[in-house]
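A.B. asks: My structure file data-v5.txt, compact mmCIF, C-alpha atoms, is below:
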# COMPACT_ATOMS: atom_id res chain seq x y z
CA MET A 1 -14.07 -6.40 0.48
CA HIS A 2 -10.87 -4.42 0.92
CA GLU A 3 -8.78 -6.50 -1.48
CA MET A 4 -8.00 -3.47 -3.63
CA GLY A 5 -6.26 -1.75 -0.72
CA ILE A 6 -4.37 -4.95 0.07
CA ALA A 7 -3.35 -5.33 -3.59
CA MET A 8 -2.02 -1.77 -3.63
CA GLN A 9 0.03 -2.44 -0.49
CA ILE A 10 1.49 -5.58 -2.08
CA ILE A 11 2.43 -3.61 -5.19
CA GLU A 12 4.03 -0.87 -3.12
CA ILE A 13 6.13 -3.31 -1.09
CA ALA A 14 7.09 -5.38 -4.15
CA VAL A 15 8.12 -2.33 -6.19
CA ALA A 16 10.22 -1.04 -3.29
CA SER A 17 12.04 -4.35 -3.02
CA ILE A 18 13.36 -4.42 -6.60
CA PRO A 19 17.10 -3.62 -6.29
CA GLU A 20 17.76 -0.23 -7.84
CA ALA A 21 20.81 -1.54 -9.75
CA MET A 22 18.72 -4.14 -11.57
CA LYS A 23 16.11 -1.79 -12.95
CA PRO A 24 14.49 -1.99 -15.39
CA VAL A 25 13.72 -5.62 -14.79
CA SER A 26 10.65 -7.73 -15.23
CA VAL A 27 9.11 -9.16 -12.06
CA GLU A 28 7.72 -12.58 -12.92
CA LYS A 29 6.12 -13.66 -9.69
CA ILE A 30 5.13 -12.26 -6.33
CA HIS A 31 4.64 -14.81 -3.57
CA VAL A 32 2.22 -14.04 -0.77
CA ASN A 33 0.84 -16.05 2.13
CA VAL A 34 -2.82 -15.56 2.95
CA GLY A 35 -4.26 -17.19 6.05
CA LYS A 36 -7.64 -18.88 5.73
CA LEU A 37 -8.87 -16.81 8.67
CA SER A 38 -7.91 -13.48 7.12
CA ALA A 39 -10.71 -11.52 5.51
CA VAL A 40 -9.22 -11.83 2.03
CA ILE A 41 -10.57 -13.85 -0.89
CA PRO A 42 -7.69 -15.04 -3.11
CA ASP A 43 -9.54 -14.70 -6.43
CA ASN A 44 -10.61 -11.15 -5.60
CA LEU A 45 -7.08 -10.29 -4.56
CA LYS A 46 -5.69 -11.64 -7.86
CA PHE A 47 -8.19 -9.64 -9.87
CA CYS A 48 -7.44 -6.45 -7.95
CA PHE A 49 -3.71 -7.05 -8.31
CA GLU A 50 -4.01 -7.38 -12.10
CA VAL A 51 -5.95 -4.15 -12.36
CA ALA A 52 -3.82 -2.15 -9.92
CA SER A 53 -0.43 -3.36 -11.14
CA LYS A 54 -0.88 -2.02 -14.68
CA ASP A 55 1.65 0.72 -15.44
CA THR A 56 3.73 -0.13 -12.36
CA ASP A 57 7.16 -1.79 -12.13
CA VAL A 58 5.46 -5.10 -11.34
CA ALA A 59 3.02 -5.05 -14.26
CA GLY A 60 2.56 -8.51 -15.73
CA ALA A 61 3.79 -10.31 -12.62
CA GLU A 62 1.83 -13.32 -11.45
CA LEU A 63 0.48 -13.09 -7.92
CA CYS A 64 1.10 -16.53 -6.38
CA ILE A 65 -1.08 -16.97 -3.31
CA ARG A 66 -0.34 -19.70 -0.80
CA GLU A 67 -3.31 -20.28 1.46
CA ILE A 68 -2.31 -21.04 5.04
CA PRO A 69 -4.58 -23.37 7.00
CA VAL A 70 -5.89 -22.40 10.42
CA VAL A 71 -3.89 -24.40 12.96
CA ALA A 72 -4.63 -24.17 16.67
CA GLU A 73 -3.13 -25.57 19.82
CA CYS A 74 -4.90 -26.22 23.10
CA ASN A 75 -3.34 -24.45 26.08
CA ASP A 76 -4.76 -27.07 28.44
CA CYS A 77 -3.84 -30.38 26.78
CA GLN A 78 -1.42 -29.22 24.05
CA PHE A 79 -3.46 -30.97 21.34
CA ASN A 80 -2.69 -29.52 17.93
CA TRP A 81 -5.13 -29.60 15.01
CA THR A 82 -6.26 -27.93 11.77
CA LEU A 83 -9.61 -26.13 11.88
CA ASN A 84 -12.00 -26.77 9.00
CA GLY A 85 -14.70 -24.42 10.25
CA PRO A 86 -15.38 -21.74 12.83
CA ALA A 87 -15.26 -24.04 15.87
CA PHE A 88 -12.58 -22.67 18.14
CA GLN A 89 -12.64 -25.41 20.75
CA CYS A 90 -10.09 -28.11 21.40
CA GLN A 91 -11.03 -31.20 19.42
CA SER A 92 -9.54 -33.40 22.09
CA CYS A 93 -10.64 -31.94 25.45
CA GLN A 94 -13.25 -29.34 24.29
CA SER A 95 -11.45 -26.52 26.11
CA GLY A 96 -11.92 -23.04 24.70
CA ASN A 97 -8.52 -22.01 26.01
CA ILE A 98 -6.72 -22.30 22.69
CA ARG A 99 -4.33 -20.25 20.66
CA ILE A 100 -4.16 -19.82 16.92
CA LEU A 101 -0.76 -20.82 15.53
CA SER A 102 -1.41 -19.94 11.90
CA GLY A 103 -4.17 -18.84 9.56
CA GLN A 104 -4.22 -15.07 10.04
CA GLU A 105 -1.25 -14.35 7.77
CA LEU A 106 -1.21 -11.63 5.19
CA ASP A 107 2.46 -11.67 4.28
CA ILE A 108 4.49 -10.88 1.21
CA VAL A 109 7.18 -13.54 1.04
CA SER A 110 9.31 -12.88 -2.04
CA ILE A 111 9.45 -11.65 -5.60
CA GLU A 112 10.95 -13.52 -8.54
CA ILE A 113 12.68 -11.42 -11.12
CA GLU A 114 13.74 -12.38 -14.59
CA GLU A 115 17.25 -13.82 -14.81
CA GLN A 116 19.72 -11.41 -16.37
CA GLU A 117 20.87 -14.12 -18.84
CA ASN A 118 17.34 -14.62 -20.12
CA ARG A 119 16.96 -10.93 -20.48
CA LEU A 120 20.12 -10.63 -22.54
CA LYS A 121 18.96 -13.53 -24.71
CA ASN A 122 15.62 -11.86 -25.24
CA GLU A 123 17.31 -8.66 -26.21
CA GLU A 124 19.48 -10.38 -28.84
CA MET B 125 16.19 -14.91 -9.22
CA GLU B 126 14.16 -14.80 -6.02
CA ILE B 127 14.34 -11.88 -3.62
CA LYS B 128 13.12 -12.64 -0.10
CA ILE B 129 10.97 -9.96 1.48
CA VAL B 130 8.96 -11.53 4.33
CA LYS B 131 6.94 -8.55 5.38
CA LYS B 132 3.38 -8.10 6.57
CA VAL B 133 1.26 -6.64 3.78
CA LEU B 134 -0.37 -4.33 6.31
CA ASP B 135 3.02 -3.27 7.69
CA ALA B 136 2.41 0.39 6.82
CA ASN B 137 -0.86 0.29 8.76
CA LEU B 138 0.79 -1.43 11.74
CA THR B 139 3.50 1.23 11.90
CA VAL B 140 0.93 4.02 12.13
CA ALA B 141 -1.15 1.96 14.59
CA GLU B 142 1.91 1.71 16.86
CA GLN B 143 2.37 5.50 16.67
CA ASN B 144 -1.28 5.96 17.64
CA ARG B 145 -0.87 3.47 20.49
CA LYS B 146 2.14 5.36 21.81
CA LEU B 147 0.26 8.66 21.69
CA PHE B 148 -2.64 7.07 23.60
CA ARG B 149 -0.26 5.52 26.13
CA ASP B 150 1.69 8.76 26.68
CA ASN B 151 -1.57 10.61 27.32
CA ARG B 152 -3.23 7.73 29.20
CA VAL B 153 -6.30 7.70 27.01
CA PHE B 154 -8.35 4.52 26.96
CA VAL B 155 -9.37 3.76 23.38
CA ILE B 156 -12.17 1.41 22.39
CA ASN B 157 -12.84 0.47 18.76
CA VAL B 158 -16.53 -0.40 18.32
CA MET B 159 -17.48 -2.50 15.32
CA SER B 160 -20.68 -4.13 14.07
CA SER B 161 -22.80 -4.76 11.04
CA PRO B 162 -24.91 -1.82 9.82
CA GLY B 163 -28.09 -1.33 11.84
CA SER B 164 -27.00 -3.03 15.06
CA GLY B 165 -27.74 0.13 17.05
CA LYS B 166 -24.12 1.13 17.47
CA THR B 167 -24.77 4.87 17.25
CA THR B 168 -27.64 4.76 19.78
CA LEU B 169 -25.47 2.73 22.14
CA LEU B 170 -22.60 5.20 21.87
CA GLU B 171 -24.87 8.24 22.09
CA LYS B 172 -26.26 6.88 25.37
CA THR B 173 -22.82 5.84 26.58
CA LEU B 174 -21.37 9.32 26.03
CA THR B 175 -24.38 11.05 27.57
CA LYS B 176 -24.19 8.87 30.69
CA LEU B 177 -20.44 9.24 31.11
CA SER B 178 -19.89 12.85 30.08
CA SER B 179 -20.28 14.23 33.61
CA GLU B 180 -17.54 11.97 35.02
CA ILE B 181 -15.18 11.15 32.13
CA ARG B 182 -13.60 13.42 29.53
CA ALA B 183 -14.61 11.53 26.40
CA GLY B 184 -14.28 12.08 22.68
CA ILE B 185 -15.46 10.10 19.68
CA ILE B 186 -14.33 9.47 16.13
CA VAL B 187 -17.11 8.35 13.82
CA GLY B 188 -16.45 6.51 10.59
CA ASP B 189 -19.09 6.46 7.92
CA VAL B 190 -18.90 5.81 4.23
CA SER B 191 -21.01 8.91 3.70
CA THR B 192 -23.20 11.48 5.53
CA THR B 193 -22.70 13.20 8.88
CA HIS B 194 -25.97 11.93 10.44
CA ASP B 195 -24.26 9.84 13.11
CA ALA B 196 -21.88 12.64 14.06
CA GLU B 197 -24.83 15.01 14.48
CA ARG B 198 -26.57 12.54 16.77
CA LEU B 199 -23.43 11.91 18.83
CA ALA B 200 -22.68 15.63 19.19
CA ARG B 201 -25.87 15.95 21.27
CA SER B 202 -24.04 14.22 24.13
CA GLY B 203 -21.77 17.26 24.39
CA ALA B 204 -18.60 15.21 23.74
CA PRO B 205 -16.23 16.35 20.98
CA VAL B 206 -17.00 14.43 17.78
CA VAL B 207 -14.80 14.04 14.74
CA GLN B 208 -16.47 12.64 11.67
CA VAL B 209 -14.47 10.67 9.14
CA ASN B 210 -16.20 10.08 5.84
CA THR B 211 -14.26 7.27 4.27
CA ASP B 212 -15.27 8.27 0.76
CA GLU B 213 -12.65 10.98 1.05
CA PHE B 214 -10.22 8.11 1.41
CA GLY B 215 -11.56 6.03 -1.45
CA GLY B 216 -14.86 4.77 -0.06
CA ASP B 217 -13.17 2.44 2.36
CA CYS B 218 -15.06 -0.21 4.23
CA HIS B 219 -13.03 0.24 7.43
CA LEU B 220 -11.01 2.80 9.36
CA ALA B 221 -7.27 2.37 8.88
CA ALA B 222 -4.67 3.63 11.36
CA HIS B 223 -3.69 6.66 9.24
CA VAL B 224 -7.31 7.84 9.15
CA ILE B 225 -7.37 7.79 12.95
CA ALA B 226 -4.00 9.58 13.10
CA LYS B 227 -5.41 12.33 10.88
CA ALA B 228 -8.65 12.58 12.88
CA LEU B 229 -6.60 12.93 16.07
CA GLU B 230 -5.32 16.28 14.82
CA ASN B 231 -8.77 17.61 15.67
CA PHE B 232 -8.57 16.58 19.33
CA ASP B 233 -6.55 17.80 22.24
CA VAL B 234 -5.59 14.28 23.27
CA LYS B 235 -4.18 15.56 26.57
CA GLN B 236 -7.71 16.59 27.53
CA LEU B 237 -9.17 13.12 26.99
CA ASP B 238 -9.57 10.10 29.28
CA LEU B 239 -11.61 8.05 26.87
CA LEU B 240 -11.73 7.89 23.10
CA ILE B 241 -14.44 5.87 21.41
CA ILE B 242 -13.99 4.97 17.77
CA GLU B 243 -17.18 4.07 15.95
CA ASN B 244 -15.97 2.04 13.01
CA VAL B 245 -17.73 1.65 9.66
CA GLY B 246 -20.67 -0.78 9.87
CA ASN B 247 -19.09 -3.94 8.49
CA LEU B 248 -18.18 -7.27 10.10
CA VAL B 249 -15.42 -8.16 7.64
CA CYS B 250 -12.75 -5.58 6.91
CA PRO B 251 -12.43 -3.62 10.18
CA ALA B 252 -11.39 -6.89 11.88
CA GLU B 253 -8.18 -6.85 9.88
CA PHE B 254 -6.99 -3.36 10.78
CA ASP B 255 -5.18 -2.48 13.99
CA ILE B 256 -5.71 1.22 14.71
CA GLY B 257 -3.84 1.42 18.02
CA GLU B 258 -6.85 0.78 20.29
CA ASP B 259 -6.81 -0.89 23.71
CA VAL B 260 -10.02 -2.84 23.29
CA LYS B 261 -12.03 -4.03 20.30
CA ALA B 262 -15.76 -4.44 20.88
CA VAL B 263 -18.32 -5.99 18.55
CA VAL B 264 -22.00 -5.06 18.72
CA LEU B 265 -24.58 -7.61 17.67
CA SER B 266 -28.33 -7.09 17.85
CA VAL B 267 -31.14 -9.58 18.34
CA THR B 268 -32.71 -8.60 15.01
CA GLU B 269 -29.76 -10.23 13.23
CA GLY B 270 -29.15 -13.96 12.82
CA GLU B 271 -27.98 -15.85 15.92
CA ASP B 272 -25.19 -17.36 13.85
CA LYS B 273 -23.44 -14.11 12.89
CA PRO B 274 -20.41 -15.04 15.04
CA VAL B 275 -19.71 -18.18 13.02
CA LYS B 276 -20.37 -16.38 9.74
CA TYR B 277 -17.81 -13.71 10.64
CA PRO B 278 -15.40 -15.64 12.87
CA LEU B 279 -12.41 -13.33 12.44
CA MET B 280 -14.37 -10.38 13.86
CA PHE B 281 -15.52 -12.32 16.90
CA ARG B 282 -12.08 -13.83 17.32
CA VAL B 283 -10.17 -10.51 17.35
CA CYS B 284 -12.64 -8.69 19.61
CA ASP B 285 -12.27 -8.58 23.39
CA VAL B 286 -15.91 -8.02 24.32
CA ALA B 287 -19.34 -8.32 22.69
CA VAL B 288 -22.54 -6.35 23.17
CA LEU B 289 -25.87 -8.02 22.43
CA ASN B 290 -28.14 -5.07 21.75
CA LYS B 291 -31.92 -4.50 21.38
CA ILE B 292 -32.88 -7.09 24.02
CA ASP B 293 -36.12 -5.12 24.59
CA LEU B 294 -37.32 -6.65 21.31
CA LEU B 295 -36.85 -10.26 22.44
CA PRO B 296 -40.54 -10.83 23.38
CA HIS B 297 -41.53 -9.97 19.79
CA LEU B 298 -38.97 -12.16 18.04
CA ASP B 299 -38.18 -15.84 17.58
CA TYR B 300 -34.61 -15.07 18.47
CA ASP B 301 -32.76 -17.83 20.35
CA ARG B 302 -30.65 -15.79 22.77
CA GLN B 303 -28.84 -18.82 24.18
CA ALA B 304 -27.90 -19.97 20.68
CA ALA B 305 -26.34 -16.56 19.97
CA VAL B 306 -24.36 -16.70 23.21
CA ASN B 307 -23.21 -20.24 22.37
CA TYR B 308 -22.10 -19.19 18.88
CA ILE B 309 -20.11 -16.29 20.32
CA HIS B 310 -18.39 -18.62 22.77
CA GLN B 311 -17.81 -21.21 20.06
CA VAL B 312 -15.63 -18.65 18.29
CA ASN B 313 -14.22 -16.91 21.35
CA SER B 314 -14.50 -18.94 24.52
CA GLY B 315 -15.19 -16.91 27.64
CA MET B 316 -15.77 -13.65 25.74
CA PRO B 317 -17.62 -11.20 28.04
CA ILE B 318 -21.07 -10.37 26.61
CA PHE B 319 -23.07 -7.31 27.66
CA GLU B 320 -26.74 -7.98 26.99
CA LEU B 321 -28.57 -4.68 26.90
CA SER B 322 -31.01 -2.37 25.22
CA ALA B 323 -29.50 0.99 24.34
CA LYS B 324 -33.05 2.23 23.78
CA THR B 325 -34.61 1.32 27.16
CA GLU B 326 -31.20 1.34 28.89
CA ALA B 327 -31.83 -2.08 30.42
CA GLY B 328 -28.47 -3.71 31.10
CA MET B 329 -26.55 -0.51 30.28
CA GLU B 330 -25.00 -0.19 33.73
CA ALA B 331 -22.71 -3.25 33.37
CA TRP B 332 -21.43 -1.90 30.05
CA LEU B 333 -20.86 1.57 31.49
CA ASN B 334 -19.04 0.07 34.49
CA TYR B 335 -16.79 -1.86 32.15
CA ILE B 336 -15.83 1.34 30.33
CA ARG B 337 -15.42 3.24 33.62
CA GLU B 338 -13.13 0.53 34.98
CA LYS B 339 -11.01 0.26 31.82
CA THR B 340 -10.71 4.04 31.54
CA LYS B 341 -9.64 4.28 35.19
CA GLN B 342 -7.01 1.55 34.71
CA LYS B 343 -5.52 3.31 31.70
CA ASN B 344 -5.61 6.76 33.35
CA GLU B 345 -3.74 5.40 36.37
CA MET B 346 -1.16 3.56 34.29
CA ILE B 347 2.40 4.64 34.89
Output the structure of this file as structure tokens.

C.D. replies:
Amino acid sequence: MHEMGIAMQIIEIAVASIPEAMKPVSVEKIHVNVGKLSAVIPDNLKFCFEVASKDTDVAGAELCIREIPVVAECNDCQFNWTLNGPAFQCQSCQSGNIRILSGQELDIVSIEIEEQENRLKNEE
Amino acid sequence: MEIKIVKKVLDANLTVAEQNRKLFRDNRVFVINVMSSPGSGKTTLLEKTLTKLSSEIRAGIIVGDVSTTHDAERLARSGAPVVQVNTDEFGGDCHLAAHVIAKALENFDVKQLDLLIIENVGNLVCPAEFDIGEDVKAVVLSVTEGEDKPVKYPLMFRVCDVAVLNKIDLLPHLDYDRQAAVNYIHQVNSGMPIFELSAKTEAGMEAWLNYIREKTKQKNEMI
């Protein structure tokens, strides 16, 4: 529901991380990790990114989303498993005393920028 | 060429949330962020809460709404200072972000507060994602909604510390399975405290009020 705001944050962070000395440069890919438990729908985020990135320094970049599964560990028996639905109980001992190890991520990991050589070739 | 960034997308929000948290800590204000779907009776609950506590606790409230000032007008009757935040001024947002709270705080004398209640925008999805610097997150559910709301919106019930099951006065007229709702809540968040009450008749309100009294006292006495 708030994917547009998230997309704008991604654009802001990505634009700020392009080294000043390299500009202007084309950003080819932006890698983000999105946890399955976060309230973000990848397709919506991609759509919003396309719309919001127009006329910015990352226009045309592909938003590569890696979905992170929800992994939990039981604090009582240390059993570790991947959740496939909203059942937050240990699959081994049924304890509710668990902690979430992954699945809530909303991280920007890296940007890929066009190689200088390619750029020179393109300019020739 | 790949440039590593490794940063939380909501980093900017987290930074402001930490500033809010520090302000609340420095002034020993207990802050509770109340979230729910639209129509759960959140405003009635908070109106009653403020009215009951206003003689003993210096309380203020920030109200988020996509539009209108109806809720703020109702809450102002309690006598507590109310700041209304219409999120359409901020782009029609579906949640309150930390910077919106920071801005709203300019309208309060935080030093004069013991308790700050934040009534978030009615929505069980987006507000769950945004830290605003609060001490406690509460989710309000009412018995006129589906029993399975907790498993439909697991993130919300996972991030919240306490739940309120509201409108229990209506139970005799409904086919609502109260135990199923409680089980669903605990399926998502084992051991989550649940306050079953009716903000309208005030049945069960005392346990909820005591919880807020206790938490406020703890924060006020914090060194």

A.B. asks: Report as a PyMOL selection string all protein, DNA and RNA residues lying within 12 Å of Asn307 of chain B, evaluated on all atoms listed in the file, omitting residues in the same chain fewer than 2 positions from it.

C.D. replies: (chain A and resi 87-89+96) or (chain B and resi 271-275+301-305+309-316+318)

A.B. asks: Return as a tab-separated table the residues of chain B lying at most 10 Å from chain A, together with the closest atom-to-atom pair for each and the distance in Å to one decimal, counting all atoms listed in the file, with rows in chain order and ascending residue number.

C.D. replies:
residue	atom	partner	partner_atom	distance
B:Met125	CA	A:Ile113	CA	5.3
B:Glu126	CA	A:Glu112	CA	4.3
B:Ile127	CA	A:Ile111	CA	5.3
B:Lys128	CA	A:Ser110	CA	4.3
B:Ile129	CA	A:Ser110	CA	4.9
B:Val130	CA	A:Val109	CA	4.2
B:Lys131	CA	A:Ile108	CA	5.4
B:Lys132	CA	A:Asp107	CA	4.3
B:Val133	CA	A:Asp107	CA	5.2
B:Leu134	CA	A:Gln9	CA	7.1
B:Asp135	CA	A:Gln9	CA	8.7
B:Ala136	CA	A:Gln9	CA	8.2
B:Asn137	CA	A:Gln9	CA	9.7
B:Gly215	CA	A:Gly5	CA	9.4
B:Asp217	CA	A:His2	CA	7.4
B:Cys218	CA	A:His2	CA	6.8
B:His219	CA	A:His2	CA	8.3
B:Asn247	CA	A:Met1	CA	9.8
B:Leu248	CA	A:Ala39	CA	9.7
B:Val249	CA	A:Ala39	CA	6.2
B:Cys250	CA	A:His2	CA	6.4
B:Pro251	CA	A:Ala39	CA	9.3
B:Ala252	CA	A:Ala39	CA	7.9
B:Glu253	CA	A:Ala39	CA	6.9
B:Pro274	CA	A:Pro86	CA	8.7
B:Val275	CA	A:Pro86	CA	5.6
B:Lys276	CA	A:Pro86	CA	7.9
B:Tyr277	CA	A:Pro86	CA	8.7
B:Pro278	CA	A:Pro86	CA	6.1
B:Leu279	CA	A:Leu37	CA	6.2
B:Met280	CA	A:Ala39	CA	9.2
B:Arg282	CA	A:Phe88	CA	8.9
B:Tyr308	CA	A:Ala87	CA	8.9
B:His310	CA	A:Gly96	CA	8.1
B:Gln311	CA	A:Ala87	CA	5.7
B:Val312	CA	A:Phe88	CA	5.0
B:Asn313	CA	A:Phe88	CA	6.8
B:Ser314	CA	A:Gly96	CA	4.8
B:Gly315	CA	A:Gly96	CA	7.5

A.B. asks: One decimal, Å: what's the distance from atom CA of Cys74 of chain A over to atom CA of Cys90 of chain A, could you say?

C.D. replies: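 Computed distance, atom CA of Cys74 of chain A to atom CA of Cys90 of chain A, equals 5.8 Å.
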
A.B. asks: Taking 6 positions as the minimum chain separation for residues in the same chain, which residues sit within 12 Å of Arg152 of chain B when counting all atoms listed in the file? Answer as a list in words.

C.D. replies: Asn144, Arg145, Lys146, Arg182, Val234, Lys235, Gln236, Leu237, Asp238, Leu239, Leu240, Glu258, Asp259, Lys339, Thr340, Lys341, Gln342, Lys343, Asn344, Glu345, Met346 and Ile347 of chain B

A.B. asks: Quick one: axis-aligned box around all listed atoms of segment 68-85 of chain A, 6 Å on every side, centre and edge lengths in Å to one decimal, written as JSON.

C.D. replies:
{"center_x": -8.1, "center_y": -26.0, "center_z": 16.7, "size_x": 25.3, "size_y": 21.9, "size_z": 35.4}

A.B. asks: Let me make sure I understand: among A:Ala16, A:Gly103, A:Gln94, A:Met22, which one has the smallest atom-to-atom distance to Ala72 of chain A if we use all atoms listed in the file?

C.D. replies: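 Going through A:Ala16, A:Gly103, A:Gln94, A:Met22 one by one, the smallest distance to Ala72 of chain A is for A:Gly103.
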
A.B. asks: If I take atom CA of Ile186 of chain B and atom CA of Val207 of chain B, how far is one from the other in Å, to one decimal?

C.D. replies: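 Atom CA of Ile186 of chain B sits 4.8 Å away from atom CA of Val207 of chain B.
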